[in-house]
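A.B. asks: This is the content of work_25.csv (CSV, C-alpha atoms):
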chain,number,residue,atom,x,y,z
A,68,MET,CA,34.0,-45.1,-27.6
A,69,SER,CA,37.5,-46.4,-26.7
A,70,ILE,CA,38.3,-50.0,-26.0
A,71,MET,CA,38.7,-49.3,-22.3
A,72,GLU,CA,35.1,-48.1,-22.1
A,73,ILE,CA,33.9,-51.2,-23.9
A,74,ILE,CA,35.8,-53.5,-21.5
A,75,GLY,CA,34.5,-51.5,-18.5
A,76,GLY,CA,30.9,-51.7,-19.7
A,77,ILE,CA,31.1,-55.4,-20.3
A,78,LEU,CA,32.6,-56.0,-16.9
A,79,ILE,CA,29.8,-53.9,-15.2
A,80,ILE,CA,27.1,-55.8,-17.1
A,81,ILE,CA,28.6,-59.1,-16.0
A,82,GLY,CA,28.8,-57.9,-12.4
A,83,SER,CA,25.2,-56.7,-12.4
A,84,ILE,CA,24.0,-60.1,-13.8
A,85,PHE,CA,25.9,-61.9,-11.1
A,86,LEU,CA,24.5,-59.6,-8.4
A,87,PHE,CA,21.0,-60.2,-9.7
A,88,LEU,CA,21.5,-63.9,-9.7
A,89,GLY,CA,22.8,-63.7,-6.1
A,90,ALA,CA,19.7,-61.8,-5.0
A,91,LEU,CA,17.5,-64.4,-6.8
A,92,GLY,CA,19.3,-67.2,-5.1
A,93,ILE,CA,18.8,-65.7,-1.7
A,94,TYR,CA,15.0,-65.5,-2.5
A,95,ARG,CA,14.7,-68.9,-4.1
A,96,MET,CA,17.0,-71.3,-2.1
A,97,PRO,CA,15.4,-73.5,0.6
A,98,ASP,CA,17.6,-73.3,3.6
A,99,ILE,CA,20.2,-70.9,5.1
A,100,TYR,CA,23.3,-72.8,3.8
A,101,ASN,CA,22.1,-72.7,0.2
A,102,ARG,CA,21.2,-69.1,0.6
A,103,LEU,CA,24.6,-68.2,2.0
A,104,GLN,CA,26.4,-70.0,-0.8
A,105,ALA,CA,24.3,-68.3,-3.4
A,106,GLY,CA,24.7,-64.9,-1.8
A,107,THR,CA,28.4,-65.2,-1.1
A,108,LYS,CA,29.7,-66.6,-4.3
A,109,ALA,CA,27.5,-64.5,-6.7
A,110,THR,CA,27.9,-61.2,-4.8
A,111,THR,CA,31.7,-61.7,-4.4
A,112,LEU,CA,32.3,-62.2,-8.2
A,113,GLY,CA,29.6,-59.6,-9.0
A,114,ALA,CA,31.0,-56.9,-6.8
A,115,MET,CA,34.6,-57.6,-7.9
A,116,SER,CA,33.7,-57.4,-11.6
A,117,LEU,CA,31.6,-54.3,-11.1
A,118,ILE,CA,34.4,-52.5,-9.3
A,119,LEU,CA,36.9,-53.6,-11.9
A,120,GLY,CA,34.6,-52.2,-14.6
A,121,VAL,CA,34.5,-48.9,-12.8
A,122,GLY,CA,38.3,-48.9,-12.7
A,123,PHE,CA,38.4,-49.5,-16.4
A,124,LEU,CA,36.0,-46.6,-17.1
A,125,GLU,CA,37.9,-44.2,-14.9
A,126,PRO,CA,41.6,-45.2,-15.3
A,127,SER,CA,42.7,-42.9,-12.4
A,128,TRP,CA,40.7,-45.0,-9.9
A,129,ILE,CA,42.2,-48.4,-10.9
A,130,LEU,CA,44.5,-48.6,-7.9
A,131,LYS,CA,41.7,-47.8,-5.5
A,132,SER,CA,39.4,-50.3,-7.1
A,133,LEU,CA,42.1,-53.0,-6.9
A,134,VAL,CA,42.5,-52.4,-3.2
A,135,LEU,CA,38.7,-52.6,-2.9
A,136,ILE,CA,38.6,-55.9,-4.8
A,137,ILE,CA,41.3,-57.4,-2.4
A,138,PHE,CA,39.2,-56.2,0.6
A,139,ILE,CA,36.1,-57.8,-0.8
A,140,ALA,CA,37.9,-61.0,-1.7
A,141,PHE,CA,39.0,-61.4,2.0
A,142,SER,CA,36.0,-60.0,3.9
A,143,ASN,CA,33.0,-61.6,2.0
A,144,PRO,CA,34.0,-65.3,2.3
A,145,ILE,CA,35.2,-64.9,5.9
A,146,SER,CA,32.0,-63.3,7.0
A,147,SER,CA,29.8,-65.9,5.4
A,148,HIS,CA,32.0,-68.7,6.8
A,149,ALA,CA,31.5,-67.2,10.3
A,150,LEU,CA,27.7,-66.9,9.7
A,151,ALA,CA,27.4,-70.5,8.6
A,152,ARG,CA,29.5,-71.8,11.5
A,153,ALA,CA,27.5,-69.9,14.0
A,154,THR,CA,24.3,-71.0,12.5
A,155,TYR,CA,25.4,-74.7,12.7
A,156,ARG,CA,26.5,-74.3,16.3
A,157,ARG,CA,23.2,-72.7,17.2
A,158,GLY,CA,21.4,-75.9,16.1
A,159,HIS,CA,20.0,-75.1,12.6
A,160,TYR,CA,21.1,-78.1,10.5
A,161,PRO,CA,21.1,-78.4,6.7
A,162,LEU,CA,18.0,-79.4,4.9
A,163,ILE,CA,18.7,-82.9,3.6
A,164,LEU,CA,16.1,-84.6,1.4
A,165,SER,CA,18.1,-87.8,0.8
A,166,ASP,CA,17.6,-90.9,3.1
A,167,ASP,CA,21.3,-91.2,3.8
A,168,LYS,CA,21.4,-88.4,6.4
A,169,GLU,CA,24.4,-89.5,8.3
A,170,ASN,CA,26.8,-89.3,5.4
A,171,MET,CA,25.5,-86.2,3.9
A,172,ASP,CA,26.3,-83.9,6.8
A,173,ALA,CA,30.0,-84.5,7.3
A,174,TYR,CA,30.4,-81.6,9.7
A,175,GLN,CA,28.4,-83.6,12.2
A,176,GLU,CA,31.6,-85.6,13.1
A,177,VAL,CA,33.3,-82.4,14.2
A,178,VAL,CA,30.4,-80.7,15.9
A,179,PRO,CA,27.8,-83.3,17.0
A,180,HIS,CA,24.1,-82.3,16.8
A,181,GLU,CA,22.4,-81.0,19.9
A,182,LYS,CA,20.3,-84.1,20.5
A,183,GLU,CA,23.2,-86.4,20.4
A,184,LYS,CA,25.1,-84.2,22.7
A,185,GLU,CA,22.4,-84.5,25.3
A,186,GLU,CA,22.3,-88.3,24.9
A,187,LYS,CA,26.1,-88.5,25.5
A,188,VAL,CA,25.8,-86.4,28.6
B,205,MET,CA,-10.1,-39.0,30.1
B,206,LYS,CA,-6.4,-39.4,29.6
B,207,LYS,CA,-6.9,-40.6,26.0
B,208,ILE,CA,-9.1,-37.5,25.2
B,209,LEU,CA,-6.4,-35.2,26.6
B,210,VAL,CA,-3.7,-36.9,24.5
B,211,LEU,CA,-5.9,-36.6,21.4
B,212,LEU,CA,-6.6,-33.0,22.1
B,213,LEU,CA,-2.9,-32.2,22.5
B,214,LEU,CA,-2.1,-34.1,19.3
B,215,ALA,CA,-4.8,-32.1,17.5
B,216,VAL,CA,-3.4,-28.8,18.7
B,217,VAL,CA,0.2,-29.7,17.7
B,218,GLY,CA,-0.9,-31.1,14.4
B,219,PHE,CA,-3.0,-28.0,13.6
B,220,TYR,CA,0.0,-25.6,14.1
B,221,LEU,CA,2.4,-28.0,12.3
B,222,ALA,CA,0.1,-28.2,9.3
B,223,GLY,CA,-0.3,-24.5,9.3
B,224,THR,CA,3.4,-24.0,9.2
B,225,PHE,CA,3.8,-26.4,6.4
B,226,PHE,CA,1.1,-24.7,4.4
B,227,ASP,CA,2.8,-21.4,5.0
B,228,ILE,CA,6.1,-22.5,3.5
B,229,GLY,CA,4.5,-24.1,0.4
B,230,PHE,CA,5.8,-27.1,-1.5
B,231,GLY,CA,9.4,-26.6,-2.8
B,232,ASN,CA,10.2,-23.4,-1.0
B,233,SER,CA,13.1,-23.4,1.3
B,234,HIS,CA,12.4,-20.5,3.6
B,235,PHE,CA,9.6,-18.7,5.4
B,236,VAL,CA,10.3,-15.3,3.9
B,237,LYS,CA,8.1,-14.5,1.0
B,238,ASN,CA,10.3,-11.6,-0.1
B,239,ASP,CA,12.9,-12.8,-2.6
B,240,ALA,CA,15.3,-9.9,-1.8
B,241,ILE,CA,16.3,-11.5,1.5
B,242,LYS,CA,18.9,-14.2,1.0
B,243,PRO,CA,18.0,-17.6,2.7
B,244,VAL,CA,20.6,-18.9,5.2
B,245,LYS,CA,21.2,-21.9,2.9
B,246,ASP,CA,22.8,-19.7,0.2
B,247,ILE,CA,25.0,-17.9,2.7
B,248,TYR,CA,26.3,-21.2,4.1
B,249,LEU,CA,27.0,-22.6,0.6
B,250,GLN,CA,28.8,-19.4,-0.6
B,251,GLN,CA,31.0,-19.1,2.5
B,252,THR,CA,31.9,-22.8,2.4
B,253,VAL,CA,33.4,-22.6,-1.0
B,254,GLN,CA,34.6,-19.0,-1.1
B,255,GLU,CA,36.0,-18.3,2.3
B,256,LEU,CA,36.7,-21.7,3.9
B,257,LYS,CA,37.7,-23.5,0.7
B,258,VAL,CA,36.0,-26.7,1.8
B,259,SER,CA,34.1,-28.8,-0.7
B,260,ASN,CA,32.0,-30.7,1.8
B,261,ALA,CA,29.3,-28.3,3.0
B,262,VAL,CA,28.1,-30.6,5.8
B,263,THR,CA,31.6,-30.7,7.3
B,264,SER,CA,32.0,-26.9,7.2
B,265,ILE,CA,28.7,-26.4,8.9
B,266,VAL,CA,29.2,-29.1,11.6
B,267,VAL,CA,32.8,-28.2,12.5
B,268,ASN,CA,33.1,-24.5,11.6
B,269,PHE,CA,29.8,-22.7,11.7
B,270,ARG,CA,28.4,-24.9,14.5
B,271,GLY,CA,31.6,-26.2,16.0
B,272,PHE,CA,30.4,-25.5,19.6
B,273,ASP,CA,27.4,-27.8,18.9
B,274,THR,CA,29.8,-30.6,17.8
B,275,LEU,CA,31.7,-30.1,21.0
B,276,GLY,CA,28.5,-30.7,22.9
B,277,GLU,CA,27.8,-33.9,20.9
B,278,VAL,CA,31.2,-35.2,21.7
B,279,THR,CA,30.6,-34.5,25.4
B,280,VAL,CA,27.3,-36.3,25.2
B,281,LEU,CA,29.0,-39.4,23.8
B,282,PHE,CA,31.7,-39.2,26.5
B,283,LEU,CA,29.1,-38.9,29.2
B,284,SER,CA,27.1,-42.0,27.9
B,285,VAL,CA,30.4,-44.0,27.7
B,286,THR,CA,31.3,-43.0,31.2
B,287,ALA,CA,27.8,-44.0,32.5
B,288,LEU,CA,28.0,-47.4,30.8
B,289,GLY,CA,31.5,-48.0,32.2
B,290,SER,CA,30.4,-47.1,35.7
B,291,ILE,CA,27.4,-49.5,35.5
B,292,LEU,CA,29.4,-52.5,34.2
B,293,TYR,CA,32.6,-51.6,36.2
B,294,LYS,CA,32.7,-54.5,38.7
B,295,LYS,CA,32.7,-57.2,36.0
B,296,ARG,CA,35.4,-55.7,33.9
B,297,HIS,CA,38.5,-57.6,34.9
B,298,HIS,CA,37.5,-61.1,34.0
B,299,VAL,CA,39.7,-61.7,30.9
B,300,GLY,CA,38.7,-64.9,29.1
B,301,GLU,CA,35.3,-65.0,30.6
B,302,ARG,CA,33.5,-63.3,27.8
B,303,SER,CA,29.9,-63.8,27.0
B,304,VAL,CA,31.0,-65.8,23.9
B,305,LEU,CA,29.9,-69.4,23.7
B,306,PHE,CA,32.8,-70.8,21.7
B,307,SER,CA,36.0,-69.5,20.1
B,308,ALA,CA,36.2,-68.4,16.5
B,309,SER,CA,37.6,-70.7,13.8
B,310,SER,CA,41.1,-70.4,12.4
B,311,ILE,CA,39.8,-68.9,9.2
B,312,VAL,CA,38.2,-66.1,11.1
B,313,THR,CA,41.3,-65.5,13.3
B,314,SER,CA,43.8,-65.4,10.5
B,315,GLY,CA,41.4,-63.4,8.3
B,316,SER,CA,40.8,-60.8,10.9
B,317,LYS,CA,44.6,-60.4,11.4
B,318,LEU,CA,44.7,-59.5,7.6
B,319,LEU,CA,41.6,-57.3,7.7
B,320,PHE,CA,42.3,-55.3,10.9
B,321,PRO,CA,45.0,-53.0,9.4
B,322,ALA,CA,42.9,-52.4,6.3
B,323,ILE,CA,39.9,-51.4,8.4
B,324,VAL,CA,41.9,-49.0,10.5
B,325,LEU,CA,43.4,-47.5,7.4
B,326,LEU,CA,39.9,-47.0,5.9
B,327,GLY,CA,38.8,-45.3,9.1
B,328,ALA,CA,41.8,-43.0,9.1
B,329,TYR,CA,41.2,-42.2,5.5
B,330,VAL,CA,37.6,-41.3,6.2
B,331,PHE,CA,38.4,-38.9,9.0
B,332,ILE,CA,41.5,-37.3,7.4
B,333,HIS,CA,39.5,-36.6,4.2
B,334,GLY,CA,36.5,-35.4,6.1
B,335,HIS,CA,36.5,-31.9,4.5
B,336,LEU,CA,36.9,-33.3,1.0
B,337,SER,CA,34.6,-36.3,0.7
B,338,PRO,CA,31.6,-37.7,2.5
B,339,GLY,CA,32.4,-38.9,6.0
B,340,GLY,CA,34.2,-37.3,8.9
B,341,GLY,CA,35.4,-37.8,12.4
B,342,PHE,CA,32.4,-39.6,13.8
B,343,GLN,CA,32.1,-42.0,10.8
B,344,GLY,CA,35.9,-42.8,10.7
B,345,GLY,CA,36.0,-43.4,14.4
B,346,VAL,CA,33.1,-45.9,14.2
B,347,ILE,CA,34.9,-47.7,11.4
B,348,ILE,CA,38.0,-48.0,13.5
B,349,ALA,CA,35.9,-49.3,16.4
B,350,THR,CA,34.4,-52.0,14.2
B,351,GLY,CA,38.0,-53.1,13.5
B,352,PHE,CA,38.6,-53.5,17.2
B,353,LEU,CA,35.2,-55.3,17.5
B,354,LEU,CA,36.4,-57.8,14.8
B,355,MET,CA,39.6,-58.5,16.8
B,356,LEU,CA,37.8,-58.9,20.1
B,357,LEU,CA,35.3,-61.4,18.5
B,358,ALA,CA,38.0,-63.4,16.8
B,359,TYR,CA,40.5,-63.7,19.6
B,360,GLU,CA,39.2,-64.8,23.0
B,361,ASN,CA,42.2,-63.2,24.9
B,362,TYR,CA,42.6,-60.0,22.8
B,363,SER,CA,42.7,-57.2,25.3
B,364,VAL,CA,42.7,-53.4,24.9
B,365,SER,CA,44.5,-51.3,27.4
B,366,HIS,CA,42.0,-49.2,29.3
B,367,ASN,CA,44.7,-46.7,30.3
B,368,GLY,CA,45.8,-46.2,26.7
B,369,LEU,CA,42.2,-45.7,25.6
B,370,SER,CA,41.5,-43.0,28.2
B,371,ILE,CA,44.8,-41.3,27.4
B,372,VAL,CA,43.9,-41.1,23.6
B,373,GLU,CA,40.4,-39.9,24.5
B,374,SER,CA,41.7,-37.2,26.8
B,375,LEU,CA,44.3,-36.0,24.4
B,376,ALA,CA,41.8,-35.8,21.6
B,377,GLY,CA,39.3,-33.8,23.8
B,378,ILE,CA,42.1,-31.5,24.9
B,379,THR,CA,43.1,-30.9,21.3
B,380,PHE,CA,39.5,-30.0,20.3
B,381,VAL,CA,39.1,-27.5,23.2
B,382,GLY,CA,42.6,-26.2,22.7
B,383,VAL,CA,42.1,-25.5,19.1
B,384,GLY,CA,38.8,-23.7,20.0
B,385,LEU,CA,40.6,-21.6,22.7
B,386,LEU,CA,43.3,-20.7,20.2
B,387,GLY,CA,40.6,-18.8,18.3
B,388,PHE,CA,40.5,-16.3,21.1
B,389,MET,CA,44.2,-15.6,20.8
B,390,ASN,CA,43.8,-14.3,17.3
B,391,GLY,CA,41.1,-11.9,18.4
B,392,GLY,CA,38.2,-14.0,17.3
B,393,THR,CA,35.6,-16.1,19.1
B,394,PHE,CA,35.7,-19.7,20.3
B,395,LEU,CA,36.5,-22.2,17.5
B,396,GLN,CA,37.1,-19.4,15.0
B,397,ASN,CA,39.3,-20.3,12.1
B,398,PHE,CA,42.9,-18.9,12.4
B,399,LEU,CA,44.8,-21.1,10.0
B,400,PRO,CA,45.3,-20.3,6.3
B,401,THR,CA,42.5,-22.0,4.3
B,402,GLY,CA,44.6,-23.1,1.4
B,403,GLU,CA,43.1,-24.1,-1.9
B,404,LEU,CA,39.9,-25.9,-2.7
B,405,ASN,CA,40.1,-29.7,-3.0
B,406,ASN,CA,43.5,-29.9,-1.3
B,407,LEU,CA,44.3,-32.2,1.6
B,408,PHE,CA,45.9,-29.3,3.5
B,409,SER,CA,43.0,-26.9,3.3
B,410,GLY,CA,40.0,-25.8,5.3
B,411,GLY,CA,41.9,-24.2,8.2
B,412,ILE,CA,41.1,-25.9,11.6
B,413,ILE,CA,38.6,-28.4,10.2
B,414,PRO,CA,41.0,-31.3,9.5
B,415,ILE,CA,42.7,-30.9,12.9
B,416,ILE,CA,39.3,-31.0,14.8
B,417,TYR,CA,38.0,-33.9,12.7
B,418,ILE,CA,41.2,-36.0,13.4
B,419,ALA,CA,40.8,-35.3,17.1
B,420,VAL,CA,37.1,-36.3,16.9
B,421,GLY,CA,38.0,-39.4,15.0
B,422,PHE,CA,40.5,-40.5,17.7
B,423,LYS,CA,38.0,-39.7,20.4
B,424,VAL,CA,35.1,-41.5,18.9
B,425,ALA,CA,37.3,-44.6,18.1
B,426,ALA,CA,38.6,-44.8,21.7
B,427,GLU,CA,35.2,-44.3,23.3
B,428,LEU,CA,33.4,-46.9,21.1
B,429,THR,CA,36.2,-49.4,21.5
B,430,GLY,CA,35.9,-48.9,25.3
B,431,VAL,CA,32.1,-49.5,25.1
B,432,ILE,CA,32.6,-52.7,23.0
B,433,TYR,CA,35.3,-54.0,25.3
B,434,THR,CA,33.3,-53.3,28.5
B,435,VAL,CA,30.1,-55.0,27.1
B,436,LEU,CA,32.0,-58.0,25.8
B,437,ASN,CA,33.8,-58.5,29.1
B,438,GLU,CA,30.6,-58.5,31.0
B,439,LYS,CA,30.0,-62.0,32.2
B,440,GLY,CA,27.0,-63.4,30.4
B,441,GLU,CA,24.2,-65.3,32.2
B,442,GLN,CA,24.5,-68.3,30.0
B,443,ASN,CA,28.0,-68.9,31.2
B,444,GLY,CA,26.8,-69.1,34.8
Written as structure tokens, that's how I'd like the structure from this file.

C.D. replies:
Amino acid sequence: MSIMEIIGGILIIIGSIFLFLGALGIYRMPDIYNRLQAGTKATTLGAMSLILGVGFLEPSWILKSLVLIIFIAFSNPISSHALARATYRRGHYPLILSDDKENMDAYQEVVPHEKEKEEKV
Amino acid sequence: MKKILVLLLLAVVGFYLAGTFFDIGFGNSHFVKNDAIKPVKDIYLQQTVQELKVSNAVTSIVVNFRGFDTLGEVTVLFLSVTALGSILYKKRHHVGERSVLFSASSIVTSGSKLLFPAIVLLGAYVFIHGHLSPGGGFQGGVIIATGFLLMLLAYENYSVSHNGLSIVESLAGITFVGVGLLGFMNGGTFLQNFLPTGELNNLFSGGIIPIIYIAVGFKVAAELTGVIYTVLNEKGEQNG
């Protein structure tokens, strides 16, 4: 067992753990924004680490795996950003348990909530 | 009365279907109980590797052994795109009046600028390597069309030239039929292979398969981009 195989195996195990935690977060978190951040961050790191591990195991694939990692690093956060923004615009607001609701939701200043929009009109 | 008829029909169909399945037996691949006759599966697999030198058996069947069928599929796609275009035709030229409620954020617009070439490159890779790896013309064309979908969603005023799309589509279709007709000139049949097959697992191998799949890729990409553009430019009811 060469050192490259050991590094690759460790990276694949780290990636699998992060992917599992991401799946658990999507199941466990209370509202869509928490689920998105659990899903996005964990699966981005998990998939990147897993692909890099495969690149270490098969050294001839390392260039392809680096290109894939760059692609994931761009596409995954952008898509989840677009999802979260569209959700907010459609009127699903974050679940806030604290009493200080106005200061917790800072995005409200940029995009007012639907009810306030109607009041202004 | 109607329900009884339906039940009767289902029972008859089910009886013969079940009989067929029992005839084949679990795990057997062919009807013939005599082992001396070679099933069609083995012939396809043998010819794919030995004569055509193609490692993807699905591609060799779809493009070479049943190429005429693929031409029919491409025609079906073309007809459905034409029908959709003719239904939505009158609302086509309202640029900027998409059925989109608000414009995309700057993260999405700048990100899609970065991702668009990568998506097109991936699509081209998939249909150029159709005879070596999973994928092919249809899949690669759909990937390229998703790249155009991303650009159309990100930029409100991004427009695709309809004339350019139809030129690409027609050229690809002509290439497909032309390659098929060239099979006649070498004394064969329609879509018969006339190019040297090269070596197994080489990019330049497989005879006419890469040429046809590149043509199919361009054709599918142009058609689906046209569909997306037409549907997005239809004025939505929520805009009034």

A.B. asks: I want to know what sits within 10 Å of Leu133 (chain A), based on all atoms listed in the file, with residues of the same chain fewer than 5 positions away left out; could you give that as a PyMOL selection string?

C.D. replies: chain A and resi 115+118-119+122+128+138-139

A.B. asks: Store the residues picked out above in a file with C-alpha atoms, as a tab-separated table (two decimals), in the coordinates of the input.

C.D. replies:
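And here is the file that came out, part.tsv:
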chain	number	residue	atom	x	y	z
A	115	MET	CA	34.60	-57.60	-7.90
A	118	ILE	CA	34.40	-52.50	-9.30
A	119	LEU	CA	36.90	-53.60	-11.90
A	122	GLY	CA	38.30	-48.90	-12.70
A	128	TRP	CA	40.70	-45.00	-9.90
A	138	PHE	CA	39.20	-56.20	0.60
A	139	ILE	CA	36.10	-57.80	-0.80

A.B. asks: Point out the residue among A:Val177, A:Ile137, A:Leu124, A:Leu91 with the least atom-to-atom distance to Ile73 (chain A), counting only C-alpha atoms.

C.D. replies: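 Closest candidate: A:Leu124.
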
A.B. asks: Fewer than 4 positions away in the same chain doesn't count, so skip those; otherwise give me all residues within 7 Å of Ser116 (chain A), counting only C-alpha atoms, as number ranges by chain.

C.D. replies: A: 78-79, 81-82, 112, 120

A.B. asks: Determine, using only C-alpha atoms, which residues of chain A have any atom at most 10 Å from an atom of chain B, and tabulate each with its shortest atom pair and distance in Å to one decimal place, rows ordered by chain and then rising number, as CSV.

C.D. replies:
residue,atom,partner,partner_atom,distance
A:Val134,CA,B:Ala322,CA,9.5
A:Phe138,CA,B:Leu319,CA,7.6
A:Phe141,CA,B:Gly315,CA,7.0
A:Ser142,CA,B:Leu319,CA,7.3
A:Pro144,CA,B:Ile311,CA,9.7
A:Ile145,CA,B:Val312,CA,6.1
A:Ser146,CA,B:Val312,CA,7.9
A:His148,CA,B:Val312,CA,8.0
A:Ala149,CA,B:Val312,CA,6.8
A:Arg152,CA,B:Ser309,CA,8.5
A:Ala153,CA,B:Ala308,CA,9.2
A:Arg156,CA,B:Phe306,CA,9.0
A:Arg157,CA,B:Leu305,CA,9.9

A.B. asks: Do you have the CA of Leu281 (chain B)-CA of Tyr362 (chain B) distance handy?

C.D. replies: 24.7 Å

A.B. asks: May I ask for the distance between CA of Thr429 (chain B) and CA of Ala349 (chain B), given in Å to one decimal place?

C.D. replies: 5.1 Å

A.B. asks: Kindly add N, CA, C and O atoms to the incomplete region 391-402 of chain B and provide the output as a PDB file, keeping the file's coordinate frame.

C.D. replies:
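Output file rebuild07.pdb is given in full below:
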ATOM      1  N   GLY B 391      42.100 -12.952  18.356  1.00  0.00           N
ATOM      2  CA  GLY B 391      41.100 -11.900  18.400  1.00  0.00           C
ATOM      3  C   GLY B 391      39.743 -12.265  17.933  1.00  0.00           C
ATOM      4  O   GLY B 391      38.918 -11.398  17.685  1.00  0.00           O
ATOM      5  N   GLY B 392      39.489 -13.548  17.825  1.00  0.00           N
ATOM      6  CA  GLY B 392      38.200 -14.000  17.300  1.00  0.00           C
ATOM      7  C   GLY B 392      37.322 -14.502  18.449  1.00  0.00           C
ATOM      8  O   GLY B 392      37.408 -14.064  19.590  1.00  0.00           O
ATOM      9  N   THR B 393      36.493 -15.502  18.085  1.00  0.00           N
ATOM     10  CA  THR B 393      35.600 -16.100  19.100  1.00  0.00           C
ATOM     11  C   THR B 393      36.070 -17.591  19.235  1.00  0.00           C
ATOM     12  O   THR B 393      37.006 -18.056  18.585  1.00  0.00           O
ATOM     13  N   PHE B 394      35.365 -18.304  20.116  1.00  0.00           N
ATOM     14  CA  PHE B 394      35.700 -19.700  20.300  1.00  0.00           C
ATOM     15  C   PHE B 394      35.487 -20.493  19.043  1.00  0.00           C
ATOM     16  O   PHE B 394      34.489 -20.350  18.344  1.00  0.00           O
ATOM     17  N   LEU B 395      36.499 -21.309  18.707  1.00  0.00           N
ATOM     18  CA  LEU B 395      36.500 -22.200  17.500  1.00  0.00           C
ATOM     19  C   LEU B 395      36.499 -21.370  16.210  1.00  0.00           C
ATOM     20  O   LEU B 395      36.054 -21.851  15.187  1.00  0.00           O
ATOM     21  N   GLN B 396      37.005 -20.119  16.267  1.00  0.00           N
ATOM     22  CA  GLN B 396      37.100 -19.400  15.000  1.00  0.00           C
ATOM     23  C   GLN B 396      38.338 -19.835  14.224  1.00  0.00           C
ATOM     24  O   GLN B 396      39.360 -20.172  14.815  1.00  0.00           O
ATOM     25  N   ASN B 397      38.202 -19.844  12.922  1.00  0.00           N
ATOM     26  CA  ASN B 397      39.300 -20.300  12.100  1.00  0.00           C
ATOM     27  C   ASN B 397      40.465 -19.308  12.138  1.00  0.00           C
ATOM     28  O   ASN B 397      40.273 -18.119  11.965  1.00  0.00           O
ATOM     29  N   PHE B 398      41.713 -19.791  12.420  1.00  0.00           N
ATOM     30  CA  PHE B 398      42.900 -18.900  12.400  1.00  0.00           C
ATOM     31  C   PHE B 398      43.981 -19.382  11.535  1.00  0.00           C
ATOM     32  O   PHE B 398      45.004 -18.728  11.421  1.00  0.00           O
ATOM     33  N   LEU B 399      43.802 -20.539  10.895  1.00  0.00           N
ATOM     34  CA  LEU B 399      44.800 -21.100  10.000  1.00  0.00           C
ATOM     35  C   LEU B 399      44.537 -20.655   8.569  1.00  0.00           C
ATOM     36  O   LEU B 399      43.397 -20.367   8.232  1.00  0.00           O
ATOM     37  N   PRO B 400      45.565 -20.611   7.717  1.00  0.00           N
ATOM     38  CA  PRO B 400      45.300 -20.300   6.300  1.00  0.00           C
ATOM     39  C   PRO B 400      44.413 -21.417   5.687  1.00  0.00           C
ATOM     40  O   PRO B 400      44.560 -22.601   6.004  1.00  0.00           O
ATOM     41  N   THR B 401      43.453 -21.013   4.845  1.00  0.00           N
ATOM     42  CA  THR B 401      42.500 -22.000   4.300  1.00  0.00           C
ATOM     43  C   THR B 401      42.992 -22.778   3.146  1.00  0.00           C
ATOM     44  O   THR B 401      42.426 -23.796   2.809  1.00  0.00           O
ATOM     45  N   GLY B 402      44.078 -22.340   2.511  1.00  0.00           N
ATOM     46  CA  GLY B 402      44.600 -23.100   1.400  1.00  0.00           C
ATOM     47  C   GLY B 402      43.741 -23.075   0.174  1.00  0.00           C
ATOM     48  O   GLY B 402      42.957 -22.154  -0.016  1.00  0.00           O
TER      49      GLY B 402
END
